[in-house]
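Structure below is entry-v3.tsv: TSV, C-alpha atoms.
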```tsv
chain	number	residue	atom	x	y	z
A	1	MET	CA	41.18	277.55	60.79
A	2	SER	CA	40.25	281.12	61.69
A	3	LEU	CA	41.30	282.78	64.92
A	4	ASP	CA	37.70	282.62	66.12
A	5	GLU	CA	37.64	278.87	65.42
A	6	VAL	CA	40.87	278.38	67.37
A	7	ILE	CA	39.42	280.29	70.32
A	8	GLY	CA	36.17	278.33	70.13
A	9	ARG	CA	38.03	275.02	70.30
A	10	ILE	CA	39.92	275.89	73.48
A	11	THR	CA	37.88	274.27	76.23
A	12	PRO	CA	38.32	274.37	80.02
A	13	ALA	CA	40.46	271.74	81.74
A	14	ASP	CA	38.86	268.40	82.67
A	15	HIS	CA	36.99	268.91	85.96
A	16	LYS	CA	36.49	265.17	86.57
A	17	ALA	CA	40.22	264.52	86.32
A	18	LYS	CA	40.91	267.42	88.69
A	19	ARG	CA	38.45	266.02	91.21
A	20	ALA	CA	40.04	262.55	90.95
A	21	ALA	CA	43.50	264.10	91.40
A	22	ARG	CA	42.33	265.99	94.48
A	23	LEU	CA	41.05	262.73	96.01
A	24	ARG	CA	44.31	260.97	95.14
A	25	GLN	CA	46.29	263.77	96.80
A	26	GLU	CA	44.35	263.11	100.01
A	27	ARG	CA	45.42	259.42	99.96
A	28	LEU	CA	49.13	259.94	99.28
A	29	THR	CA	51.67	259.18	102.03
A	30	LYS	CA	52.04	262.70	103.40
A	31	PRO	CA	50.07	265.08	105.58
A	32	PRO	CA	47.33	266.75	103.51
A	33	GLY	CA	48.55	269.99	102.00
A	34	SER	CA	52.16	269.41	103.02
A	35	LEU	CA	53.46	269.90	99.49
A	36	GLY	CA	51.81	273.31	99.35
A	37	ARG	CA	51.38	274.84	95.92
A	38	LEU	CA	52.82	271.76	94.22
A	39	GLU	CA	49.60	269.99	95.12
A	40	ALA	CA	47.44	272.62	93.44
A	41	LEU	CA	49.78	272.55	90.44
A	42	SER	CA	49.48	268.76	90.19
A	43	ILE	CA	45.69	269.06	90.19
A	44	GLN	CA	45.92	271.66	87.42
A	45	LEU	CA	48.09	269.24	85.42
A	46	ALA	CA	45.54	266.48	85.92
A	47	GLY	CA	42.88	268.75	84.43
A	48	ILE	CA	45.06	269.66	81.47
A	49	PHE	CA	45.91	266.05	80.58
A	50	ALA	CA	42.56	264.57	81.67
A	51	THR	CA	44.08	262.00	84.04
A	52	ASP	CA	44.74	261.86	87.77
A	53	ARG	CA	48.22	260.47	87.06
A	54	PRO	CA	49.76	262.84	84.50
A	55	MET	CA	53.03	261.62	82.96
A	56	LEU	CA	54.89	264.47	81.27
A	57	ARG	CA	57.17	263.97	78.27
A	58	GLY	CA	59.18	266.63	76.48
A	59	LYS	CA	59.74	270.29	77.33
A	60	THR	CA	60.21	273.10	74.82
A	61	ILE	CA	60.83	276.83	75.00
A	62	ILE	CA	59.80	278.93	71.99
A	63	VAL	CA	61.98	282.06	71.91
A	64	ALA	CA	60.60	284.74	69.59
A	65	ALA	CA	62.66	287.77	68.58
A	66	GLY	CA	61.55	291.06	67.06
A	67	ASP	CA	62.57	294.69	66.83
A	68	HIS	CA	60.65	297.82	67.84
A	69	GLY	CA	60.52	301.18	66.11
A	70	VAL	CA	60.00	302.93	69.44
A	71	VAL	CA	63.73	302.45	70.10
A	72	ALA	CA	64.11	305.70	68.16
A	73	GLN	CA	62.66	307.49	71.21
A	74	GLY	CA	65.64	306.61	73.42
A	75	VAL	CA	63.80	304.14	75.67
A	76	THR	CA	66.76	301.76	75.95
A	77	GLY	CA	70.52	302.00	76.23
A	78	TYR	CA	71.10	299.25	73.65
A	79	PRO	CA	71.07	299.69	69.86
A	80	LYS	CA	68.50	297.69	67.91
A	81	GLU	CA	71.29	295.64	66.30
A	82	VAL	CA	71.59	293.75	69.59
A	83	THR	CA	68.38	291.85	68.81
A	84	ALA	CA	69.94	290.19	65.76
A	85	GLN	CA	73.23	289.68	67.58
A	86	MET	CA	71.45	287.87	70.40
A	87	VAL	CA	69.54	285.67	67.96
A	88	LEU	CA	72.90	284.58	66.56
A	89	ASN	CA	74.05	283.97	70.14
A	90	PHE	CA	71.00	281.75	70.72
A	91	LEU	CA	71.78	279.81	67.56
A	92	GLY	CA	75.40	279.46	68.67
A	93	GLY	CA	74.39	278.14	72.08
A	94	GLY	CA	76.02	280.90	74.12
A	95	ALA	CA	73.12	282.71	75.81
A	96	ALA	CA	71.72	282.19	79.31
A	97	ILE	CA	68.68	280.38	77.93
A	98	ASN	CA	70.95	277.94	76.07
A	99	VAL	CA	72.90	277.11	79.20
A	100	MET	CA	69.79	276.64	81.34
A	101	ALA	CA	67.92	274.67	78.69
A	102	ARG	CA	70.82	272.27	78.16
A	103	LYS	CA	71.08	271.67	81.89
A	104	ALA	CA	67.33	271.06	82.21
A	105	GLY	CA	66.91	268.95	79.07
A	106	VAL	CA	64.66	271.51	77.40
A	107	ASP	CA	64.46	271.91	73.62
A	108	LEU	CA	64.71	275.41	72.14
A	109	ILE	CA	62.90	276.80	69.13
A	110	ILE	CA	64.41	280.11	67.97
A	111	VAL	CA	62.09	282.32	65.94
A	112	ASP	CA	62.74	285.42	63.85
A	113	ALA	CA	59.39	287.09	64.37
A	114	GLY	CA	60.44	290.44	62.91
A	115	VAL	CA	64.11	291.26	63.44
A	116	ALA	CA	65.14	294.47	61.64
A	117	THR	CA	68.71	293.43	60.85
A	118	PRO	CA	68.88	290.68	58.17
A	119	LEU	CA	69.94	287.34	59.59
A	120	PRO	CA	71.87	284.63	57.72
A	121	ASP	CA	70.12	281.39	56.88
A	122	HIS	CA	70.41	278.84	59.64
A	123	PRO	CA	68.83	275.38	59.85
A	124	GLU	CA	67.63	275.99	63.42
A	125	LEU	CA	66.14	279.45	62.83
A	126	HIS	CA	62.41	279.56	62.21
A	127	VAL	CA	61.68	282.62	60.10
A	128	VAL	CA	58.07	283.77	60.43
A	129	ALA	CA	58.67	287.51	60.10
A	130	VAL	CA	55.78	289.54	58.76
A	131	GLY	CA	57.84	292.73	58.91
A	132	ARG	CA	61.32	294.00	59.70
A	133	GLY	CA	60.63	295.56	63.05
A	134	THR	CA	57.51	297.45	64.11
A	135	ASP	CA	56.85	301.11	63.44
A	136	ASP	CA	57.38	303.74	66.14
A	137	ILE	CA	54.30	303.59	68.38
A	138	THR	CA	54.65	307.26	69.31
A	139	GLN	CA	53.93	308.14	65.68
A	140	GLY	CA	51.18	305.63	64.89
A	141	PRO	CA	50.32	301.92	65.05
A	142	ALA	CA	53.09	299.38	65.51
A	143	MET	CA	51.69	297.19	62.74
A	144	THR	CA	48.55	296.52	60.74
A	145	ARG	CA	45.77	294.34	62.10
A	146	ASP	CA	46.54	291.77	59.39
A	147	GLN	CA	50.14	291.60	60.58
A	148	ALA	CA	48.95	291.16	64.18
A	149	GLU	CA	46.78	288.21	63.15
A	150	ALA	CA	49.58	286.74	61.04
A	151	CYS	CA	51.92	286.78	64.04
A	152	MET	CA	49.37	284.98	66.18
A	153	TYR	CA	48.73	282.32	63.52
A	154	GLU	CA	52.46	281.62	63.35
A	155	GLY	CA	52.62	281.23	67.12
A	156	ILE	CA	49.66	278.85	67.11
A	157	ARG	CA	51.36	276.78	64.42
A	158	LEU	CA	54.65	276.63	66.30
A	159	ALA	CA	52.95	275.50	69.51
A	160	LEU	CA	50.93	272.82	67.73
A	161	GLU	CA	54.10	271.55	66.03
A	162	ALA	CA	55.94	271.45	69.36
A	163	ALA	CA	53.10	269.45	70.90
A	164	GLU	CA	53.05	267.09	67.92
A	165	ASN	CA	56.78	266.55	68.38
A	166	GLY	CA	56.35	265.47	72.00
A	167	ALA	CA	56.35	268.62	74.10
A	168	ASP	CA	53.93	268.42	77.02
A	169	ILE	CA	55.32	271.62	78.54
A	170	ILE	CA	55.70	274.63	76.26
A	171	GLY	CA	57.40	277.76	77.54
A	172	THR	CA	57.57	281.26	76.11
A	173	GLY	CA	60.73	283.29	75.68
A	174	ASP	CA	61.53	286.62	74.01
A	175	MET	CA	64.24	288.84	72.64
A	176	GLY	CA	63.72	292.35	71.36
A	177	ILE	CA	65.37	295.66	72.16
A	178	GLY	CA	62.55	298.01	73.18
A	179	ASN	CA	60.03	295.31	73.96
A	180	THR	CA	59.49	296.30	77.60
A	181	THR	CA	58.12	299.61	76.30
A	182	ALA	CA	55.63	297.83	74.05
A	183	SER	CA	54.71	295.44	76.86
A	184	SER	CA	54.15	298.33	79.25
A	185	ALA	CA	51.69	299.84	76.77
A	186	ILE	CA	49.90	296.50	76.24
A	187	VAL	CA	49.47	295.92	79.96
A	188	ALA	CA	48.35	299.52	80.51
A	189	ALA	CA	45.73	299.18	77.77
A	190	LEU	CA	44.33	295.76	78.64
A	191	THR	CA	44.22	296.31	82.41
A	192	ARG	CA	43.24	299.99	82.19
A	193	THR	CA	46.21	300.91	84.39
A	194	PRO	CA	48.20	304.17	84.07
A	195	PRO	CA	51.51	303.75	82.18
A	196	GLY	CA	53.34	305.11	85.21
A	197	GLU	CA	52.42	301.90	87.03
A	198	THR	CA	53.08	299.43	84.21
A	199	THR	CA	56.39	300.85	83.00
A	200	GLY	CA	59.65	299.69	84.56
A	201	ARG	CA	63.36	300.22	84.06
A	202	GLY	CA	63.85	297.58	81.36
A	203	THR	CA	67.55	297.28	80.59
A	204	GLY	CA	68.48	299.51	83.52
A	205	ARG	CA	67.08	302.99	83.02
A	206	ASN	CA	67.95	305.62	85.66
A	207	ASP	CA	65.26	307.83	87.19
A	208	SER	CA	65.24	310.49	84.47
A	209	GLU	CA	65.38	307.86	81.73
A	210	LEU	CA	62.48	306.01	83.35
A	211	GLU	CA	60.43	309.22	83.36
A	212	ARG	CA	61.15	309.60	79.65
A	213	LYS	CA	60.13	305.99	79.01
A	214	ILE	CA	56.83	306.50	80.86
A	215	ALA	CA	56.18	309.63	78.79
A	216	VAL	CA	56.83	307.62	75.62
A	217	VAL	CA	54.28	304.98	76.65
A	218	GLU	CA	51.78	307.71	77.52
A	219	ARG	CA	52.34	309.30	74.12
A	220	ALA	CA	51.82	305.95	72.38
A	221	MET	CA	48.51	305.52	74.21
A	222	GLU	CA	47.37	309.02	73.28
A	223	VAL	CA	48.32	308.67	69.62
A	224	ASN	CA	46.87	305.18	69.08
A	225	LEU	CA	43.96	304.91	71.55
A	226	PRO	CA	44.18	301.09	71.76
A	227	ASP	CA	40.80	299.51	72.48
A	228	PRO	CA	40.96	297.45	75.72
A	229	ASN	CA	37.96	295.44	74.53
A	230	ASP	CA	39.81	294.36	71.37
A	231	PRO	CA	43.10	292.58	72.15
A	232	LEU	CA	44.08	292.43	68.48
A	233	ASP	CA	43.65	296.20	68.27
A	234	VAL	CA	45.94	296.58	71.28
A	235	LEU	CA	48.55	294.28	69.74
A	236	SER	CA	48.45	296.07	66.40
A	237	LYS	CA	48.52	299.55	67.90
A	238	VAL	CA	51.23	299.26	70.57
A	239	GLY	CA	52.59	295.68	70.47
A	240	GLY	CA	55.42	293.81	68.83
A	241	PHE	CA	55.81	291.02	66.31
A	242	GLU	CA	57.44	288.69	68.84
A	243	ILE	CA	54.72	289.47	71.39
A	244	GLY	CA	52.09	288.51	68.83
A	245	VAL	CA	53.86	285.23	68.10
A	246	LEU	CA	54.03	284.42	71.81
A	247	ALA	CA	50.34	285.24	72.24
A	248	GLY	CA	49.71	282.70	69.49
A	249	VAL	CA	51.93	280.18	71.28
A	250	VAL	CA	49.71	280.52	74.34
A	251	LEU	CA	46.58	279.90	72.28
A	252	GLY	CA	48.17	277.00	70.40
A	253	GLY	CA	49.44	275.38	73.59
A	254	ALA	CA	45.99	275.59	75.16
A	255	LEU	CA	44.39	274.24	71.97
A	256	ALA	CA	46.77	271.26	72.12
A	257	ARG	CA	45.96	270.82	75.84
A	258	ARG	CA	49.54	271.32	76.97
A	259	VAL	CA	51.03	273.21	79.92
A	260	VAL	CA	52.04	276.72	78.83
A	261	VAL	CA	54.69	278.32	81.04
A	262	LEU	CA	54.94	282.09	80.89
A	263	ASP	CA	58.36	283.63	81.40
A	264	GLY	CA	58.60	287.27	82.45
A	265	PHE	CA	57.10	290.63	81.54
A	266	ILE	CA	57.07	290.26	77.75
A	267	SER	CA	55.55	286.79	78.01
A	268	GLY	CA	53.11	288.17	80.55
A	269	ALA	CA	51.96	290.81	78.05
A	270	ALA	CA	51.59	288.12	75.38
A	271	GLY	CA	49.68	285.91	77.80
A	272	LEU	CA	47.43	288.85	78.64
A	273	ILE	CA	46.52	289.26	74.96
A	274	ALA	CA	45.70	285.56	74.64
A	275	HIS	CA	43.76	285.54	77.91
A	276	SER	CA	41.77	288.60	76.85
A	277	LEU	CA	40.85	286.82	73.62
A	278	CYS	CA	40.08	283.50	75.32
A	279	PRO	CA	39.71	283.31	79.13
A	280	ASN	CA	39.81	279.49	78.95
A	281	VAL	CA	43.59	279.64	78.40
A	282	ARG	CA	43.88	280.41	82.12
A	283	ASP	CA	43.48	276.69	82.87
A	284	TYR	CA	46.65	275.91	80.90
A	285	LEU	CA	48.90	278.72	82.12
A	286	VAL	CA	51.64	278.53	84.72
A	287	ALA	CA	53.48	281.71	85.72
A	288	GLY	CA	57.10	280.63	85.87
A	289	HIS	CA	58.41	283.57	87.86
A	290	LEU	CA	57.83	287.17	88.86
A	291	SER	CA	59.88	289.62	86.83
A	292	ALA	CA	61.47	292.64	88.44
A	293	GLU	CA	59.54	294.72	85.86
A	294	THR	CA	56.68	296.49	87.66
A	295	GLY	CA	54.04	295.75	85.05
A	296	HIS	CA	54.50	292.00	85.28
A	297	ARG	CA	52.75	291.70	88.63
A	298	ILE	CA	49.83	293.71	87.21
A	299	ALA	CA	49.53	291.43	84.17
A	300	LEU	CA	49.67	288.24	86.26
A	301	SER	CA	47.15	289.55	88.76
A	302	HIS	CA	44.75	290.41	85.95
A	303	MET	CA	44.93	286.78	84.76
A	304	GLY	CA	44.66	285.36	88.27
A	305	LEU	CA	48.13	283.82	88.12
A	306	TRP	CA	50.55	283.38	91.02
A	307	PRO	CA	54.23	283.10	90.02
A	308	PHE	CA	56.20	280.15	91.33
A	309	LEU	CA	59.60	281.82	91.56
A	310	ASP	CA	60.69	285.30	92.61
A	311	LEU	CA	64.40	285.64	91.91
A	312	ASP	CA	64.52	289.34	90.94
A	313	MET	CA	65.15	288.29	87.33
A	314	ARG	CA	64.41	290.47	84.30
A	315	LEU	CA	66.43	288.88	81.52
A	316	GLY	CA	63.68	287.29	79.45
A	317	GLU	CA	64.69	284.67	76.84
A	318	GLY	CA	62.54	282.10	78.67
A	319	THR	CA	65.02	281.71	81.55
A	320	GLY	CA	62.40	281.92	84.30
A	321	ALA	CA	60.15	279.50	82.42
A	322	VAL	CA	62.94	276.91	82.18
A	323	LEU	CA	63.62	277.13	85.90
A	324	ALA	CA	59.94	276.57	86.68
A	325	MET	CA	59.71	273.48	84.48
A	326	GLY	CA	61.50	271.41	87.10
A	327	LEU	CA	58.77	272.28	89.59
A	328	ILE	CA	56.12	271.23	87.08
A	329	ASP	CA	57.87	267.90	86.58
A	330	ALA	CA	58.04	267.42	90.35
A	331	ALA	CA	54.36	268.23	90.81
A	332	ALA	CA	53.32	265.70	88.18
A	333	ALA	CA	55.66	263.02	89.54
A	334	THR	CA	54.50	263.33	93.14
A	335	LEU	CA	50.87	262.97	92.11
A	336	SER	CA	51.54	260.09	89.72
A	337	ASP	CA	54.33	258.14	91.42
A	338	MET	CA	53.87	258.51	95.17
A	339	ALA	CA	52.29	255.60	97.01
A	340	THR	CA	48.97	255.93	98.74
A	341	PHE	CA	48.62	254.98	102.43
A	342	ASP	CA	46.99	251.70	101.44
A	343	GLU	CA	49.65	250.83	98.86
A	344	ALA	CA	52.52	251.56	101.26
A	345	GLY	CA	50.95	250.01	104.33
A	346	VAL	CA	51.32	253.28	106.20
A	347	SER	CA	48.77	254.18	108.84
A	348	LYS	CA	46.64	257.23	108.18
A	349	ARG	CA	46.10	259.98	110.69
A	350	GLU	CA	43.80	258.94	113.48
A	351	PRO	CA	40.50	260.81	113.83
A	352	ASP	CA	40.07	263.22	116.70
A	353	GLU	CA	37.40	261.44	118.75
A	354	GLU	CA	36.16	264.61	120.43
A	355	HIS	CA	35.86	266.76	117.34
A	356	GLY	CA	35.65	264.13	114.61
A	357	ARG	CA	38.85	265.44	113.00
A	358	ALA	CA	42.18	263.85	112.15
A	359	HIS	CA	45.15	265.02	114.19
```

Reformat the file's structure so that it appears as structure tokens.
Amino acid sequence: MSLDEVIGRITPADHKAKRAARLRQERLTKPPGSLGRLEALSIQLAGIFATDRPMLRGKTIIVAAGDHGVVAQGVTGYPKEVTAQMVLNFLGGGAAINVMARKAGVDLIIVDAGVATPLPDHPELHVVAVGRGTDDITQGPAMTRDQAEACMYEGIRLALEAAENGADIIGTGDMGIGNTTASSAIVAALTRTPPGETTGRGTGRNDSELERKIAVVERAMEVNLPDPNDPLDVLSKVGGFEIGVLAGVVLGGALARRVVVLDGFISGAAGLIAHSLCPNVRDYLVAGHLSAETGHRIALSHMGLWPFLDLDMRLGEGTGAVLAMGLIDAAAATLSDMATFDEAGVSKREPDEEHGRAH
């Protein structure tokens, strides 16, 4: 199946199911609107699963890791070897995402999407690497267009497999030293926003280091001239292998009609690529949280997404997505399991006789 065929098969959410869910919300034993954004989320879930009583099964986070040649420009305080070291930490169960996922009953899929340092064989490591780290985007394109497409195909495959294995909620997670720089460039290109507004401190840059990082992103844009009308061009020119895989995860999750939960800034950049390719994915996306990275808000706003949590987090790994999954479960359960006024024998609000309104 070609990328165009995948995009063509992603259809909007079921409007009839959303309408039925909205009517059911009005009959549940609570004041209308009293569950706030959970009600809108439950209606979105109804549209995704084509039923006004969605019952969610498994939850999975796909964590993709990749290295970035732009690290050579001093945009981060960590050496690139940390990417591989953290992948081993994921596999050993010792990272923040492992702890949170275990607590929440979320499965993890760990993906080598292009780690520069060779990793040992491991039964739980999915190796889909099409390269050993991207090239330096200040010197030329990060990757070829063929590599960009290959990354996305792998992400689509991983999401479809996760859905086939019982995941109704699929979250995105990342690891990659230097990937906030690539994400800043992606968001700048696709939203036509100056790099000074999309580039944040990443792993803790001070003021002078931030200025250098912004200059690096500006240089990458000048050298590569990524085409905002061609998301694959943007990915290939200034992106990352793990970002391409996560963009594919978004497309694959939408194709499988599953909830896709975006984590932070890197996931937001990946979601932006997928959304730019196929606006219909918007119906399947949930923004788990708002990253402390400045470009994340810009990416989410461009997609019309409103994050559920704002905890000043900027770790990545899928941690914000895991935390939001409990809210998604709660939204589905309240719509599906709560009694209606008729079922519970509870009196509805009386109409306002003077104005014809309930009070």

In terms of the shortest atom-to-atom distance over all atoms listed in the file, which of A:Leu158, A:Cys278, A:Ala220, A:Val259 is closest to A:Lys59?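 Answer, going by the shortest atom-to-atom distance: A:Val259.
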
Which residue is closest to A:Leu272? Choose from A:Ala292, A:Ala148, A:Leu300, A:Ala256 and count all atoms listed in the file. A:Leu300

Pick the closest to A:Val71 from A:Val249, A:Ala142, A:Met325, A:Ile298: which is it, counting all atoms listed in the file? A:Ala142

A:Arg9, A:His275, A:Arg192, A:Arg258 ranked by distance to A:Met55, top pick (using all atoms listed in the file):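 Under the stated criterion, the closest residue is A:Arg258.
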
Best match for closeness to A:Met175 among A:His15, A:His289, A:His68, A:Lys30, counting all atoms listed in the file: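 With all atoms listed in the file as the atom set, the closest residue is A:His68.
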
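Distance check against A:Val111 using all atoms listed in the file: of A:Ala17, A:Val245, A:Leu45, A:Val346, the minimum falls on A:Val245.
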
Within 10 Å of A:Arg157 using only C-alpha atoms, minus same-chain residues under 6 positions, as a list in words: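 Those residues are Ala163, Val245, Gly248, Val249, Leu251, Gly252 and Gly253 of chain A.
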
Residue neighbourhood stretch 202-215 of chain A, 10 Å, all atoms listed in the file, exclusion window fewer than 2 positions, as number ranges by chain: A: 73-78, 138, 177-181, 184-185, 194-200, 217-221, 265, 292-294, 314-315

For A:Leu119, work out the shell of residues within 9 Å, counting all atoms listed in the file and skipping chain neighbours fewer than 2 positions away, then give it as a ChimeraX atom specification. /A:84-85,87-88,112,115-117,121-122

Tell me which protein, DNA and RNA residues are within 10 Å of A:Ile186, counting all atoms listed in the file, leaving out same-chain ones fewer than 2 positions away, and put them as an NGL selection string. :A and (180-184 or 188-193 or 195 or 198 or 217 or 221 or 226 or 228 or 231 or 234-240 or 243 or 266 or 268-270 or 272-273 or 295 or 299)

So how far away is atom CA of A:Ala162 from atom CA of A:Glu81, in Å? 28.8 Å

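You will find atom CA of A:Val63 at 17.6 Å from atom CA of A:Ala254.
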